[in-house]
$ cat upload.cif   # mmCIF, C-alpha atoms
data_run
#
loop_
_atom_site.label_atom_id
_atom_site.label_comp_id
_atom_site.auth_asym_id
_atom_site.auth_seq_id
_atom_site.Cartn_x
_atom_site.Cartn_y
_atom_site.Cartn_z
CA MET A 1 -68.37 -37.54 10.16
CA ALA A 2 -71.29 -35.97 8.24
CA ALA A 3 -73.81 -36.81 10.97
CA SER A 4 -71.46 -35.46 13.64
CA VAL A 5 -70.99 -32.22 11.70
CA GLN A 6 -74.75 -31.67 11.38
CA LEU A 7 -75.27 -32.45 15.07
CA LEU A 8 -72.48 -30.06 16.09
CA ALA A 9 -74.01 -27.25 14.01
CA ALA A 10 -77.43 -27.79 15.60
CA LEU A 11 -76.02 -27.88 19.13
CA LEU A 12 -73.96 -24.72 18.67
CA ALA A 13 -76.92 -22.85 17.20
CA ALA A 14 -78.98 -23.69 20.28
CA GLY A 15 -76.17 -22.91 22.69
CA SER A 16 -75.37 -19.48 21.29
CA ARG A 17 -78.89 -18.00 21.29
CA GLY A 18 -79.82 -15.35 23.80
CA GLY A 19 -77.80 -13.77 26.55
CA ALA A 20 -76.05 -14.91 29.67
CA GLY A 21 -77.81 -16.96 32.24
CA PRO A 22 -78.55 -20.54 33.19
CA ALA A 23 -78.43 -22.94 30.30
CA GLY A 24 -81.85 -23.31 28.80
CA ALA A 25 -83.18 -20.23 30.61
CA GLY A 26 -81.53 -17.56 28.50
CA GLY A 27 -79.74 -19.48 25.79
CA GLY A 28 -76.27 -18.73 27.16
CA ARG A 29 -73.94 -21.20 28.82
CA GLN A 30 -73.15 -22.12 32.39
CA VAL A 31 -69.38 -21.86 32.56
CA SER A 32 -67.19 -23.30 35.30
CA MET A 33 -63.44 -23.59 35.78
CA GLN A 34 -61.66 -26.39 37.63
CA TYR A 35 -57.93 -26.60 38.31
CA ASN A 36 -56.19 -30.00 38.20
CA PRO A 37 -59.41 -32.03 38.68
CA GLY A 38 -58.71 -35.07 40.84
CA TRP A 39 -55.13 -34.01 41.64
CA ASN A 40 -53.96 -32.10 44.73
CA ASN A 41 -50.52 -31.10 43.42
CA SER A 42 -49.77 -27.75 41.77
CA SER A 43 -46.45 -28.80 40.22
CA VAL A 44 -48.27 -29.12 36.87
CA ASN A 45 -51.15 -27.18 35.36
CA LEU A 46 -54.39 -28.46 33.85
CA LEU A 47 -57.38 -26.14 33.67
CA HIS A 48 -60.79 -27.51 32.67
CA VAL A 49 -63.30 -24.96 31.36
CA ARG A 50 -66.75 -26.53 31.08
CA ALA A 51 -69.47 -24.61 29.19
CA VAL A 52 -72.92 -26.22 29.45
CA GLY A 53 -75.60 -25.29 26.91
CA PRO A 54 -79.28 -26.27 26.57
CA SER A 55 -78.42 -29.68 25.10
CA ASP A 56 -74.63 -29.86 24.88
CA THR A 57 -71.34 -29.24 26.67
CA LEU A 58 -68.18 -27.62 25.34
CA HIS A 59 -64.93 -28.63 27.03
CA TYR A 60 -61.76 -26.54 26.89
CA ILE A 61 -58.82 -28.33 28.53
CA TRP A 62 -55.82 -26.03 28.92
CA SER A 63 -52.46 -27.33 30.10
CA SER A 64 -48.77 -26.43 30.25
CA ILE A 65 -47.74 -30.10 30.50
CA GLY A 66 -45.32 -30.48 27.61
CA ALA A 67 -46.08 -27.45 25.46
CA PRO A 68 -48.96 -25.05 26.27
CA THR A 69 -52.01 -26.69 24.73
CA VAL A 70 -55.78 -26.43 24.61
CA LEU A 71 -58.06 -29.35 23.74
CA LEU A 72 -61.48 -28.39 22.39
CA VAL A 73 -64.14 -31.08 22.72
CA ALA A 74 -67.84 -30.69 21.86
CA THR A 75 -70.33 -33.19 23.23
CA ALA A 76 -74.04 -33.82 22.70
CA SER A 77 -74.69 -34.18 26.42
CA ARG A 78 -75.19 -31.71 29.24
CA SER A 79 -73.70 -34.18 31.72
CA SER A 80 -70.47 -35.14 29.90
CA THR A 81 -67.42 -34.97 32.16
CA LEU A 82 -63.64 -34.85 31.88
CA CYS A 83 -61.70 -37.87 33.17
CA VAL A 84 -57.94 -37.81 33.88
CA ASN A 85 -55.66 -40.67 34.86
CA TRP A 86 -52.95 -38.57 36.48
CA THR A 87 -50.44 -41.37 36.99
CA GLN A 88 -50.58 -42.22 33.31
CA LEU A 89 -50.70 -38.56 32.22
CA LEU A 90 -47.42 -37.80 33.98
CA SER A 91 -45.74 -40.97 32.74
CA PRO A 92 -43.53 -41.25 29.62
CA ALA A 93 -46.46 -42.91 27.81
CA PRO A 94 -49.55 -40.70 28.45
CA ALA A 95 -51.72 -42.02 25.57
CA GLY A 96 -55.28 -42.59 26.80
CA ALA A 97 -54.84 -40.65 30.07
CA ILE A 98 -57.49 -38.05 29.17
CA TRP A 99 -61.01 -38.84 27.93
CA ILE A 100 -64.58 -37.57 28.01
CA ASP A 101 -67.28 -39.68 29.65
CA PRO A 102 -69.42 -40.93 28.05
CA PRO A 103 -67.16 -41.29 24.99
CA SER A 104 -70.20 -41.70 22.75
CA SER A 105 -71.30 -38.11 23.51
CA VAL A 106 -68.27 -36.60 21.73
CA VAL A 107 -69.20 -35.13 18.33
CA TYR A 108 -65.99 -33.23 17.58
CA SER A 109 -62.54 -32.66 19.06
CA THR A 110 -59.45 -30.69 18.07
CA ALA A 111 -56.37 -29.18 19.69
CA VAL A 112 -54.16 -26.10 19.45
CA VAL A 113 -50.55 -26.33 20.63
CA PHE A 114 -48.29 -23.30 21.18
CA THR A 115 -44.92 -24.83 20.40
CA LYS A 116 -42.12 -22.29 19.98
CA VAL A 117 -41.17 -18.61 20.01
CA PHE A 118 -38.55 -17.48 17.51
CA GLU A 119 -36.53 -14.28 17.76
CA TYR A 120 -34.75 -12.81 14.77
CA SER A 121 -33.42 -9.58 13.34
CA GLU A 122 -32.38 -8.47 9.87
CA ALA A 123 -28.71 -7.91 9.14
CA LYS A 124 -27.48 -5.14 6.84
CA THR A 125 -27.44 -7.69 4.02
CA LEU A 126 -31.22 -8.10 4.54
CA GLU A 127 -30.68 -11.66 5.72
CA GLU A 128 -32.65 -12.80 8.74
CA LEU A 129 -30.50 -13.61 11.75
CA PHE A 130 -32.22 -16.11 14.07
CA TYR A 131 -31.28 -16.48 17.71
CA PRO A 132 -31.63 -19.76 19.65
CA THR A 133 -35.30 -20.81 19.71
CA TYR A 134 -37.45 -20.65 22.83
CA ASP A 135 -39.04 -24.11 22.98
CA LEU A 136 -42.17 -23.71 25.11
CA SER A 137 -42.11 -27.38 26.12
CA ASP A 138 -38.89 -26.58 28.01
CA PHE A 139 -40.39 -23.70 30.01
CA SER A 140 -41.04 -23.71 33.74
CA TRP A 141 -44.61 -22.63 34.49
CA GLY A 142 -46.05 -21.07 37.65
CA SER A 143 -49.22 -22.33 39.29
CA VAL A 144 -52.35 -21.29 37.39
CA ASN A 145 -54.37 -21.79 40.57
CA HIS A 146 -53.01 -18.51 41.96
CA THR A 147 -54.41 -16.58 38.98
CA LEU A 148 -57.78 -18.30 38.66
CA ASN A 149 -60.75 -15.92 38.79
CA HIS A 150 -64.04 -17.82 38.88
CA THR A 151 -66.07 -14.61 38.61
CA ALA A 152 -64.30 -13.05 35.63
CA LEU A 153 -63.67 -16.54 34.17
CA THR A 154 -59.99 -15.82 33.60
CA ALA A 155 -56.68 -17.58 34.32
CA GLU A 156 -53.03 -17.11 33.39
CA PHE A 157 -50.25 -19.50 32.44
CA MET A 158 -46.96 -17.67 33.10
CA GLY A 159 -43.56 -19.18 32.42
CA ILE A 160 -39.84 -18.67 31.90
CA PRO A 161 -37.23 -20.87 30.22
CA ALA A 162 -35.86 -23.66 32.41
CA THR A 163 -32.41 -22.47 31.32
CA ASP A 164 -31.73 -18.88 30.25
CA PRO A 165 -28.08 -18.48 29.18
CA SER A 166 -28.64 -15.00 27.71
CA GLY A 167 -30.47 -13.72 30.80
CA SER A 168 -33.25 -12.33 28.60
CA PHE A 169 -35.92 -13.54 31.03
CA SER A 170 -34.16 -12.34 34.20
CA ASN A 171 -36.86 -9.68 34.66
CA GLY A 172 -39.35 -10.91 32.11
CA SER A 173 -41.91 -13.60 31.42
CA LEU A 174 -44.07 -15.19 28.76
CA ALA A 175 -47.77 -15.77 29.46
CA PHE A 176 -51.00 -17.12 28.01
CA ARG A 177 -54.06 -15.42 29.52
CA VAL A 178 -57.29 -17.36 29.15
CA THR A 179 -60.81 -15.89 29.15
CA ALA A 180 -64.03 -17.91 28.94
CA TYR A 181 -67.43 -16.51 27.91
CA GLU A 182 -70.98 -17.25 29.02
CA ALA A 183 -72.67 -15.30 26.22
CA SER A 184 -72.08 -13.24 23.12
CA GLY A 185 -70.48 -9.83 23.43
CA ARG A 186 -67.43 -7.73 22.66
CA ASP A 187 -64.25 -7.18 24.66
CA GLY A 188 -63.66 -3.65 25.93
CA PRO A 189 -59.87 -3.33 25.55
CA LEU A 190 -58.30 -3.34 22.09
CA PRO A 191 -58.49 -5.21 19.79
CA SER A 192 -62.10 -5.47 21.03
CA LEU A 193 -62.81 -8.90 19.56
CA LEU A 194 -66.40 -9.98 19.06
CA HIS A 195 -67.14 -13.30 20.76
CA THR A 196 -69.95 -15.83 21.21
CA ALA A 197 -70.87 -18.32 23.92
CA ASN A 198 -69.19 -20.98 21.74
CA SER A 199 -65.75 -19.39 22.04
CA SER A 200 -62.93 -18.49 24.42
CA LYS A 201 -59.97 -16.12 24.15
CA VAL A 202 -56.27 -16.51 24.80
CA GLU A 203 -53.84 -13.60 24.99
CA PHE A 204 -50.16 -14.21 24.27
CA VAL A 205 -47.97 -11.82 26.29
CA LEU A 206 -44.25 -11.09 26.35
CA ALA A 207 -43.41 -8.74 29.22
CA GLY A 208 -39.98 -7.46 30.21
CA VAL A 209 -38.10 -9.95 28.02
CA VAL A 210 -34.80 -8.40 26.88
CA PRO A 211 -34.31 -8.67 23.09
CA ARG A 212 -31.10 -10.37 21.97
CA GLY A 213 -30.72 -7.98 19.02
CA ASN A 214 -31.04 -4.26 18.37
CA SER A 215 -34.06 -4.74 16.09
CA SER A 216 -35.47 -8.05 17.24
CA ARG A 217 -38.82 -9.34 16.10
CA PHE A 218 -40.68 -12.31 17.53
CA VAL A 219 -42.61 -15.17 15.93
CA LEU A 220 -45.08 -17.46 17.71
CA GLU A 221 -45.44 -20.92 16.21
CA LEU A 222 -48.66 -22.81 16.82
CA ALA A 223 -49.95 -26.16 15.61
CA THR A 224 -53.42 -27.62 15.20
CA VAL A 225 -54.51 -31.24 15.42
CA GLU A 226 -57.50 -32.42 13.39
CA GLU A 227 -59.18 -35.70 12.54
CA THR A 228 -58.78 -37.21 9.07
CA GLY A 229 -61.34 -35.63 6.76
CA VAL A 230 -60.97 -32.16 8.28
CA ALA A 231 -58.90 -29.50 6.49
CA GLN A 232 -57.54 -26.21 7.82
CA LYS A 233 -58.04 -23.03 5.78
CA LEU A 234 -56.51 -19.61 6.43
CA ARG A 235 -58.80 -16.72 5.51
CA SER A 236 -58.21 -12.99 5.36
CA THR A 237 -61.14 -10.57 5.45
CA ARG A 238 -60.78 -6.84 4.89
CA SER A 239 -63.34 -4.21 5.82
CA ILE A 240 -63.67 -0.45 5.54
CA ASP A 241 -64.95 -0.41 9.14
CA ASP A 242 -62.30 0.14 11.83
CA GLU A 243 -64.72 1.39 14.48
CA TYR A 244 -63.72 -1.14 17.15
CA THR A 245 -60.03 -1.52 16.20
CA PRO A 246 -58.85 1.85 14.83
CA THR A 247 -56.54 1.73 11.75
CA ILE A 248 -56.82 -2.09 11.57
CA PHE A 249 -58.87 -3.25 8.58
CA GLU A 250 -57.89 -6.93 8.34
CA MET A 251 -59.29 -9.93 10.22
CA LEU A 252 -57.71 -13.37 9.89
CA SER A 253 -59.33 -16.73 10.61
CA LEU A 254 -57.94 -20.24 10.67
CA VAL A 255 -60.97 -22.47 10.18
CA ALA A 256 -61.34 -26.26 10.30
CA LYS A 257 -63.72 -27.43 7.58
CA SER A 258 -65.20 -30.84 6.95
CA GLN A 259 -64.12 -32.10 3.53
CA ASN A 260 -67.47 -33.92 3.17
CA ASP A 261 -69.81 -30.94 3.19
CA SER A 262 -67.54 -27.90 3.75
CA SER A 263 -69.09 -27.18 7.16
CA THR A 264 -66.96 -25.15 9.56
CA LEU A 265 -66.21 -27.10 12.74
CA SER A 266 -63.86 -24.81 14.69
CA PHE A 267 -61.80 -21.66 14.30
CA LEU A 268 -59.08 -19.35 15.48
CA GLN A 269 -59.69 -15.67 14.76
CA TRP A 270 -57.55 -12.58 15.28
CA LYS A 271 -57.05 -9.01 14.11
CA ALA A 272 -53.86 -8.26 12.17
CA THR A 273 -52.33 -6.41 15.09
CA ALA A 274 -50.67 -6.83 18.46
CA TYR A 275 -50.15 -4.14 21.10
CA GLY A 276 -47.20 -2.80 23.06
CA SER A 277 -49.00 -1.73 26.23
CA GLN A 278 -51.01 -3.27 29.07
CA THR A 279 -53.64 -0.58 28.40
CA PRO A 280 -53.53 -0.60 24.60
CA ARG A 281 -54.28 2.45 22.51
CA ARG A 282 -54.18 2.98 18.76
CA GLU A 283 -50.62 4.28 18.86
CA ASP A 284 -49.45 1.11 20.68
CA SER A 285 -50.25 -1.09 17.68
CA ILE A 286 -47.58 -3.58 16.57
CA GLN A 287 -47.66 -5.07 13.09
CA CYS A 288 -48.84 -8.68 13.01
CA ARG A 289 -48.44 -11.06 10.07
CA SER A 290 -49.24 -14.71 9.45
CA ARG A 291 -46.58 -16.75 7.68
CA GLY A 292 -48.58 -19.31 5.78
CA LEU A 293 -50.22 -22.56 6.82
CA GLN A 294 -48.44 -25.83 6.17
CA ALA A 295 -48.37 -29.47 7.20
CA ALA A 296 -46.08 -29.87 10.20
CA ASN A 297 -43.00 -31.92 9.38
CA TRP A 298 -42.06 -32.37 13.02
CA SER A 299 -43.62 -34.20 15.94
CA LEU A 300 -45.38 -32.66 18.92
CA PRO A 301 -43.85 -33.02 22.41
CA VAL A 302 -44.53 -36.58 23.64
CA SER A 303 -45.64 -35.34 27.06
CA SER A 304 -48.25 -33.01 25.55
CA ILE A 305 -51.87 -33.59 26.53
CA VAL A 306 -52.51 -34.00 22.80
CA HIS A 307 -51.04 -37.51 23.02
CA ALA A 308 -52.93 -38.13 26.25
CA TYR A 309 -56.25 -37.50 24.48
CA PHE A 310 -55.69 -38.45 20.83
CA GLY A 311 -53.28 -41.32 21.51
CA GLU A 312 -50.42 -42.42 19.30
CA GLY A 313 -52.33 -41.65 16.10
CA VAL A 314 -51.20 -38.01 16.02
CA GLY A 315 -49.52 -37.54 12.65
CA SER A 316 -51.25 -40.54 11.02
CA THR A 317 -54.90 -40.84 12.07
CA TYR A 318 -54.84 -37.16 13.00
CA THR A 319 -53.19 -34.44 10.93
CA VAL A 320 -50.97 -31.70 12.33
CA SER A 321 -50.74 -28.27 10.66
CA ALA A 322 -48.59 -25.33 11.70
CA ILE A 323 -48.66 -21.57 11.26
CA ASN A 324 -46.32 -18.78 12.36
CA ILE A 325 -47.54 -15.42 13.66
CA SER A 326 -44.88 -12.70 13.50
CA PHE A 327 -44.87 -9.43 15.43
CA GLY A 328 -43.01 -6.19 14.79
CA GLY A 329 -42.56 -3.49 12.15
CA GLU A 330 -39.80 -3.26 9.64
CA ASP A 331 -37.29 -2.03 12.21
CA GLY A 332 -38.61 -3.93 15.25
CA LYS A 333 -38.34 -0.81 17.41
CA VAL A 334 -41.79 -0.94 18.99
CA TYR A 335 -40.98 -3.87 21.27
CA GLN A 336 -37.46 -2.55 21.82
CA GLU A 337 -38.97 0.60 23.34
CA LYS A 338 -41.96 -0.89 25.17
CA ARG A 339 -40.61 -4.30 26.26
CA TYR A 340 -44.23 -5.47 26.11
CA LEU A 341 -46.19 -7.39 23.48
CA SER A 342 -49.77 -8.64 23.61
CA TRP A 343 -51.63 -10.58 20.92
CA SER A 344 -55.22 -11.80 21.33
CA VAL A 345 -56.83 -14.69 19.48
CA LEU A 346 -60.34 -16.08 19.75
CA LEU A 347 -60.87 -19.82 19.47
CA GLY A 348 -64.06 -21.83 19.46
CA PHE A 349 -66.55 -24.08 17.73
CA GLY A 350 -68.57 -23.50 14.57
CA GLN A 351 -68.42 -20.36 12.47
CA PRO A 352 -66.21 -17.46 13.67
CA PRO A 353 -68.10 -14.29 14.64
CA LYS A 354 -68.60 -11.72 11.89
CA ASP A 355 -68.29 -8.02 12.56
CA ALA A 356 -71.11 -5.84 11.24
CA PHE A 357 -71.53 -2.10 10.96
CA SER A 358 -72.87 -0.59 14.17
CA PRO A 359 -75.98 1.66 14.11
CA LEU A 360 -73.67 4.67 14.59
CA VAL A 361 -71.58 3.81 11.54
CA ILE A 362 -74.71 3.05 9.49
CA SER A 363 -76.14 6.45 10.45
CA ILE A 364 -72.92 8.24 9.51
CA MET A 365 -72.78 6.41 6.18
CA ALA A 366 -76.43 7.18 5.50
CA VAL A 367 -75.83 10.87 6.13
CA ALA A 368 -72.61 10.90 4.11
CA LEU A 369 -74.17 9.13 1.14
CA GLY A 370 -77.67 10.52 1.47
CA THR A 371 -76.83 14.21 1.81
CA PRO A 372 -75.41 14.60 -1.75
CA MET A 373 -78.43 12.77 -3.16
CA VAL A 374 -80.82 15.03 -1.29
CA MET A 375 -78.93 18.13 -2.42
CA LEU A 376 -78.98 16.88 -6.02
CA LEU A 377 -82.72 16.18 -5.83
CA VAL A 378 -83.49 19.57 -4.29
CA GLY A 379 -81.28 21.32 -6.84
CA SER A 380 -83.01 19.56 -9.71
CA CYS A 381 -86.43 20.55 -8.35
CA VAL A 382 -85.35 24.19 -8.01
CA VAL A 383 -84.06 24.27 -11.60
CA LEU A 384 -87.24 22.68 -12.98
CA PHE A 385 -89.42 25.04 -10.95
CA ALA A 386 -87.45 28.06 -12.19
CA GLN A 387 -87.76 26.94 -15.81
CA ARG A 388 -91.51 26.37 -15.52
CA LYS A 389 -91.96 29.77 -13.92
CA ARG A 390 -90.02 31.48 -16.71
CA TYR A 391 -92.11 29.80 -19.41
CA SER A 392 -95.35 30.55 -17.56
CA GLU A 393 -94.51 34.31 -17.63
CA TYR A 394 -93.94 34.33 -21.39
CA GLU A 395 -96.76 35.90 -23.47
CA PRO A 396 -96.78 34.95 -27.16
CA ILE A 397 -97.11 37.74 -29.80
CA ASN A 398 -100.21 37.37 -31.99
#
$ encode --input "upload.cif" --output "structure tokens"
Amino acid sequence: MAASVQLLAALLAAGSRGGAGPAGAGGGRQVSMQYNPGWNNSSVNLLHVRAVGPSDTLHYIWSSIGAPTVLLVATASRSSTLCVNWTQLLSPAPAGAIWIDPPSSVVYSTAVVFTKVFEYSEAKTLEELFYPTYDLSDFSWGSVNHTLNHTALTAEFMGIPATDPSGSFSNGSLAFRVTAYEASGRDGPLPSLLHTANSSKVEFVLAGVVPRGNSSRFVLELATVEETGVAQKLRSTRSIDDEYTPTIFEMLSLVAKSQNDSSTLSFLQWKATAYGSQTPRREDSIQCRSRGLQAANWSLPVSSIVHAYFGEGVGSTYTVSAINISFGGEDGKVYQEKRYLSWSVLLGFGQPPKDAFSPLVISIMAVALGTPMVMLLVGSCVVLFAQRKRYSEYEPIN
């Protein structure tokens, strides 16, 4: 594990240098997207994002088979490839259906599974009233191939419940919008997350879904899968700088750290906000909270690609942790009015990006802090000069 961690850190450092361009020519990554590789049927979705660096390859395998899932695999080879045994993958026993060739090139792998969406409201007694859970493994998903944009490096998984007794999804949908990156940069739309070439973004969207209560709030449950010897840590970082995400001062990160040397292997990172508009502005902000990190006491969907890659060791050889992300203010009225919710999270390898003060903010701070000092210095000089002048005009009496 220790050698793999050190190798991963070295590979990511090389892959994230410079700007966009061919791998090795500008330090960025050559990114490609392939839909259902080796399979000509669109009844299921598997999207392979391959990001080639100067001496490594990062694989992101997104799928809505079972529950929406992304596998993250880092390899020490520029020629490593994804292999899928489709017959086995779609069988009741998918273990071993997905692998990276050559297997020896893999230095680290993990997975993130989006499992459930809860809806609840608070009764007058301040008790939380939960409605029937939306299990994402029971959703029906449209073809991702129709949304694939090879230029913008984006794709969208859109789904609705297979059965919808309440009719809440009659004119609505739930989606996961995926964005891959070739180089470091910052997103334009809010929350304007900073990203590197070693990361991708997914946006969770509820659009047009009718709430089942007058003050409903929603909670997204997600799970992570890690090898033994890797621990998940939830971090909260606060800053006085809200230049890129106005009024939002908190950044949260869920990082996977090696217990041997405390190195960070992978991360999820998000701002403590969601938005209630397709073109988000500051006033569209929706409160976002994380509800602790804990060991999952339930099993992942058997048909998930997690079992296809990690095998039957999930839960024993590999550990599963879960966290809930809740959306909505105290009264839950924002979604009730907008019928739209969007939450963005960055995921990737190595250390999460760190925001820094921009030159504009540094200049403003320098002026704000420097001006009083200059005025104090000038004032002191004037007083000293005036005193010296007064004493120089004094003539002693003999």
$ residues_around --input "upload.cif" --residues "range 86-88 of chain A" --least-positions-apart "3" --cutoff "12 Å" --atoms "all atoms listed in the file" --output "list in words"
Asn36, Pro37, Gly38, Trp39, Asn40, Asn41, Val44, Asn45, Leu46, Ile65, Cys83, Ser91, Pro92, Ala93, Pro94, Ala95, Gly96, Ala97, Ile98, Trp99, Ser303, Ile305, His307, Ala308 and Tyr309 of chain A
$ closest_residue --input "upload.cif" --among "A:Ser326, A:Ser342, A:Ser258, A:Gln6" --to "Cys288 in chain A" --atoms "only C-alpha atoms"
A:Ser326
$ atom_distance --input "upload.cif" --atom1 "CA of Ser63 in chain A" --atom2 "CA of Val112 in chain A"
10.9 Å
$ closest_residue --input "upload.cif" --among "A:Asp261, A:Glu312, A:Asp187, A:Asp135" --to "Tyr244 in chain A" --atoms "only C-alpha atoms"
A:Asp187
$ resolve_selection --input "upload.cif" --expression "the PyMOL selection byres ((chain A and resi 190) around 7)" --output "PyMOL selection string"
chain A and resi 188-189+191-192+245+280
$ closest_atom_pairs --input "upload.cif" --of "range 283-349 of chain A" --to "range 198-215 of chain A" --cutoff "9 Å" --atoms "only C-alpha atoms" --output "Markdown table"
| residue | atom | partner | partner_atom | distance |
| --- | --- | --- | --- | --- |
| A:Glu330 | CA | A:Ser215 | CA | 8.8 |
| A:Asp331 | CA | A:Ser215 | CA | 5.7 |
| A:Gly332 | CA | A:Ser215 | CA | 4.7 |
| A:Lys333 | CA | A:Ser215 | CA | 6.0 |
| A:Tyr335 | CA | A:Pro211 | CA | 8.4 |
| A:Gln336 | CA | A:Pro211 | CA | 7.0 |
| A:Lys338 | CA | A:Gly208 | CA | 8.5 |
| A:Arg339 | CA | A:Gly208 | CA | 5.1 |
| A:Tyr340 | CA | A:Ala207 | CA | 4.6 |
| A:Leu341 | CA | A:Leu206 | CA | 5.1 |
| A:Ser342 | CA | A:Val205 | CA | 4.5 |
| A:Trp343 | CA | A:Phe204 | CA | 5.2 |
| A:Ser344 | CA | A:Glu203 | CA | 4.3 |
| A:Val345 | CA | A:Val202 | CA | 5.7 |
| A:Leu346 | CA | A:Lys201 | CA | 4.4 |
| A:Leu347 | CA | A:Ser200 | CA | 5.5 |
| A:Gly348 | CA | A:Ser199 | CA | 3.9 |
| A:Phe349 | CA | A:Asn198 | CA | 5.7 |
$ write_last_selection --input "upload.cif" --atoms "C-alpha atoms" --output "PDB file, keeping the file's coordinate frame"
ATOM      1  CA  GLU A 330     -39.800  -3.260   9.640  1.00  0.00           C
ATOM      2  CA  ASP A 331     -37.290  -2.030  12.210  1.00  0.00           C
ATOM      3  CA  GLY A 332     -38.610  -3.930  15.250  1.00  0.00           C
ATOM      4  CA  LYS A 333     -38.340  -0.810  17.410  1.00  0.00           C
ATOM      5  CA  TYR A 335     -40.980  -3.870  21.270  1.00  0.00           C
ATOM      6  CA  GLN A 336     -37.460  -2.550  21.820  1.00  0.00           C
ATOM      7  CA  LYS A 338     -41.960  -0.890  25.170  1.00  0.00           C
ATOM      8  CA  ARG A 339     -40.610  -4.300  26.260  1.00  0.00           C
ATOM      9  CA  TYR A 340     -44.230  -5.470  26.110  1.00  0.00           C
ATOM     10  CA  LEU A 341     -46.190  -7.390  23.480  1.00  0.00           C
ATOM     11  CA  SER A 342     -49.770  -8.640  23.610  1.00  0.00           C
ATOM     12  CA  TRP A 343     -51.630 -10.580  20.920  1.00  0.00           C
ATOM     13  CA  SER A 344     -55.220 -11.800  21.330  1.00  0.00           C
ATOM     14  CA  VAL A 345     -56.830 -14.690  19.480  1.00  0.00           C
ATOM     15  CA  LEU A 346     -60.340 -16.080  19.750  1.00  0.00           C
ATOM     16  CA  LEU A 347     -60.870 -19.820  19.470  1.00  0.00           C
ATOM     17  CA  GLY A 348     -64.060 -21.830  19.460  1.00  0.00           C
ATOM     18  CA  PHE A 349     -66.550 -24.080  17.730  1.00  0.00           C
TER      19      PHE A 349
END
$ residues_around --input "upload.cif" --residues "Thr154 in chain A" --least-positions-apart "5" --cutoff "8 Å" --atoms "only C-alpha atoms" --output "count of residues only"
7
